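Here is model-v2.cif, consisting of mmCIF, C-alpha atoms:
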```
data_protein
loop_
_atom_site.label_atom_id
_atom_site.label_comp_id
_atom_site.auth_asym_id
_atom_site.auth_seq_id
_atom_site.Cartn_x
_atom_site.Cartn_y
_atom_site.Cartn_z
CA MET A 1 -18.20 -3.30 -3.35
CA GLU A 2 -19.16 -0.10 -1.51
CA PHE A 3 -17.95 -1.62 1.76
CA ALA A 4 -14.62 -2.50 0.13
CA ARG A 5 -14.21 1.01 -1.28
CA ALA A 6 -14.99 2.67 2.06
CA TRP A 7 -12.76 0.27 3.97
CA LEU A 8 -9.83 0.81 1.58
CA ALA A 9 -10.27 4.59 1.70
CA GLY A 10 -9.98 4.52 5.49
CA ARG A 11 -7.31 1.84 5.76
CA TRP A 12 -4.87 3.27 3.23
CA GLY A 13 -4.49 6.44 5.20
CA ARG A 14 -3.79 4.83 8.57
CA LYS A 15 -1.06 2.26 8.10
CA PRO A 16 1.13 1.92 5.01
CA SER A 17 0.49 -1.43 3.38
CA GLY A 18 0.83 -2.92 -0.06
CA TRP A 19 -2.08 -4.00 -2.18
CA ARG A 20 -1.48 -7.72 -1.48
CA ARG A 21 -1.95 -7.25 2.25
CA LEU A 22 -5.00 -5.02 1.83
CA GLU A 23 -6.54 -7.52 -0.54
CA GLN A 24 -5.93 -10.33 1.98
CA GLU A 25 -7.59 -8.30 4.73
CA LEU A 26 -10.61 -7.64 2.51
CA ARG A 27 -10.84 -11.32 1.57
CA ALA A 28 -10.82 -12.18 5.29
CA LYS A 29 -13.81 -9.87 5.67
CA GLY A 30 -15.69 -11.79 2.98
CA VAL A 31 -15.12 -9.41 0.06
CA SER A 32 -14.56 -11.13 -3.28
CA GLN A 33 -11.36 -10.50 -5.20
CA GLU A 34 -13.39 -8.95 -8.03
CA ASP A 35 -15.08 -6.46 -5.68
CA ALA A 36 -11.77 -5.61 -4.03
CA GLU A 37 -10.19 -4.87 -7.41
CA LYS A 38 -13.19 -2.79 -8.49
CA ALA A 39 -12.97 -0.79 -5.26
CA ARG A 40 -9.25 -0.20 -5.79
CA ASP A 41 -9.82 0.88 -9.39
CA LEU A 42 -12.59 3.25 -8.32
CA LEU A 43 -10.33 4.87 -5.71
CA ALA A 44 -7.55 5.18 -8.28
CA GLU A 45 -9.91 6.87 -10.75
CA ARG A 46 -10.93 9.38 -8.10
CA GLY A 47 -7.30 10.01 -7.16
CA SER A 48 -7.84 8.65 -3.63
CA ALA A 49 -5.53 5.66 -3.92
CA PRO A 50 -1.96 6.31 -2.81
CA ASP A 51 1.00 5.47 -4.99
CA GLU A 52 2.37 2.17 -3.65
CA VAL A 53 5.98 3.06 -4.46
CA GLU A 54 5.67 6.41 -2.70
CA SER A 55 4.02 4.76 0.29
CA ALA A 56 6.76 2.12 0.49
CA ALA A 57 9.48 4.76 0.13
CA LYS A 58 8.05 6.68 3.10
CA LEU A 59 8.09 3.50 5.17
CA VAL A 60 11.71 2.87 4.12
CA ALA A 61 12.69 6.39 5.17
CA GLN A 62 11.16 5.85 8.61
CA ALA A 63 12.62 2.36 9.10
CA ARG A 64 16.09 3.22 7.78
CA LYS A 65 16.82 5.04 11.06
CA ARG A 66 16.29 1.81 13.01
CA TYR A 67 18.75 -0.05 10.80
CA ALA A 68 21.34 2.75 10.43
CA LYS A 69 24.08 0.83 12.27
CA LEU A 70 23.79 -2.27 10.06
CA GLU A 71 25.98 -3.03 7.07
CA PRO A 72 24.35 -1.76 3.83
CA HIS A 73 23.57 -5.30 2.62
CA ALA A 74 21.95 -6.31 5.92
CA GLN A 75 20.07 -3.02 6.04
CA ARG A 76 18.66 -3.61 2.55
CA GLN A 77 17.62 -7.16 3.49
CA ARG A 78 15.79 -5.94 6.60
CA LEU A 79 14.02 -3.18 4.69
CA TYR A 80 13.02 -5.60 1.93
CA ALA A 81 11.62 -8.04 4.49
CA LEU A 82 9.71 -5.27 6.28
CA LEU A 83 8.06 -4.15 3.06
CA ALA A 84 7.28 -7.73 2.04
CA ARG A 85 5.56 -8.32 5.39
CA ARG A 86 3.50 -5.19 4.79
CA GLY A 87 2.24 -6.64 1.52
CA TYR A 88 4.29 -4.79 -1.08
CA ASP A 89 5.30 -6.85 -4.09
CA GLY A 90 8.89 -7.26 -5.25
CA GLY A 91 8.78 -4.67 -8.02
CA VAL A 92 7.38 -2.00 -5.73
CA ILE A 93 9.96 -2.85 -3.05
CA ARG A 94 12.88 -2.60 -5.47
CA ARG A 95 11.69 0.76 -6.81
CA ALA A 96 11.13 2.13 -3.28
CA LEU A 97 14.59 1.02 -2.19
CA GLU A 98 16.16 2.63 -5.27
CA ILE A 99 14.44 5.93 -4.43
CA GLU A 100 15.69 5.82 -0.87
CA GLU A 101 19.18 4.44 -1.50
CA PRO A 102 21.85 6.76 -0.10
CA LEU A 103 24.59 7.76 -2.55
CA GLU A 104 27.57 5.45 -2.41
CA SER A 105 30.56 7.19 -0.86
CA GLY A 106 32.80 5.64 -3.53
CA ALA A 107 30.91 7.47 -6.28
CA GLU A 108 32.84 10.68 -5.65
CA SER A 109 36.10 11.26 -7.53
#
```

Produce structure tokens that represent the structure in this file.
Amino acid sequence: MEFARAWLAGRWGRKPSGWRRLEQELRAKGVSQEDAEKARDLLAERGSAPDEVESAAKLVAQARKRYAKLEPHAQRQRLYALLARRGYDGGVIRRALEIEEPLESGAES
């Protein structure tokens, strides 16, 4: 479990990824699911684990520039797919996209 904790502590800071992807990478390194979850919980208790929604929202803010010329629906689809590939689950993705959604121009009176 110590390996998993140390690996997560280093990995989380380098490249934004969701828990599913990080867990898959740990499993590929031979770490059991139980040890991976214990390591994650330990980091969360110490305040070292990043907020997944905040992490995903930062990634959305960076990627939104690349997709600025797309229609809003297509842009949202691309951002959703990007976050899914990075291992964020659907609930986290939806919340991150809501945070980063630009105000609709039709909302003004």

Calculated over all atoms listed in the file, which of the candidates A:Glu2, A:Leu22, A:Arg66, A:His73 has the smallest distance to Asp35 in chain A?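 Closest to Asp35 in chain A of all the choices is A:Glu2.
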
Up to 12 Å from (10.5, 5.8, -8.0) in the file's coordinates: name the residues, counting all atoms listed in the file, as a PyMOL selection string. chain A and resi 51-58+91-101

I'd like the contact shell of Phe3 in chain A - 12 Å cut-off, only C-alpha atoms, skipping same-chain residues fewer than 5 positions apart - returned as a list in words.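 Here the qualifying residues turn out to be Leu8, Ala9, Gly10, Arg11, Leu26, Lys29, Gly30, Val31, Ser32, Asp35, Ala36, Lys38, Ala39 and Arg40 of chain A.
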
Could you save the residues just selected, with C-alpha atoms, as a short mmCIF file (atom, residue, chain, number, x, y, z; two decimals), in the frame of the given file?
```cif
data_model
loop_
_atom_site.label_atom_id
_atom_site.label_comp_id
_atom_site.auth_asym_id
_atom_site.auth_seq_id
_atom_site.Cartn_x
_atom_site.Cartn_y
_atom_site.Cartn_z
CA LEU A 8 -9.83 0.81 1.58
CA ALA A 9 -10.27 4.59 1.70
CA GLY A 10 -9.98 4.52 5.49
CA ARG A 11 -7.31 1.84 5.76
CA LEU A 26 -10.61 -7.64 2.51
CA LYS A 29 -13.81 -9.87 5.67
CA GLY A 30 -15.69 -11.79 2.98
CA VAL A 31 -15.12 -9.41 0.06
CA SER A 32 -14.56 -11.13 -3.28
CA ASP A 35 -15.08 -6.46 -5.68
CA ALA A 36 -11.77 -5.61 -4.03
CA LYS A 38 -13.19 -2.79 -8.49
CA ALA A 39 -12.97 -0.79 -5.26
CA ARG A 40 -9.25 -0.20 -5.79
#
```

Enter the distance from CA of Met1 in chain A to CA of Pro16 in chain A, in Å, rounded to one decimal.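 Between CA of Met1 in chain A and CA of Pro16 in chain A the gap works out to 21.7 Å.
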
Please determine an axis-aligned box that encloses all atoms of range 2-8 of chain A listed in the file, with 5 Å added on each side, and express its centre and edge lengths in Å to one decimal as AutoDock Vina command-line options.
```
--center_x -14.5 --center_y 0.1 --center_z 1.2 --size_x 19.3 --size_y 15.2 --size_z 15.5
```

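With CA of Arg27 in chain A on one side and CA of Arg86 in chain A on the other, the separation reads 15.9 Å.
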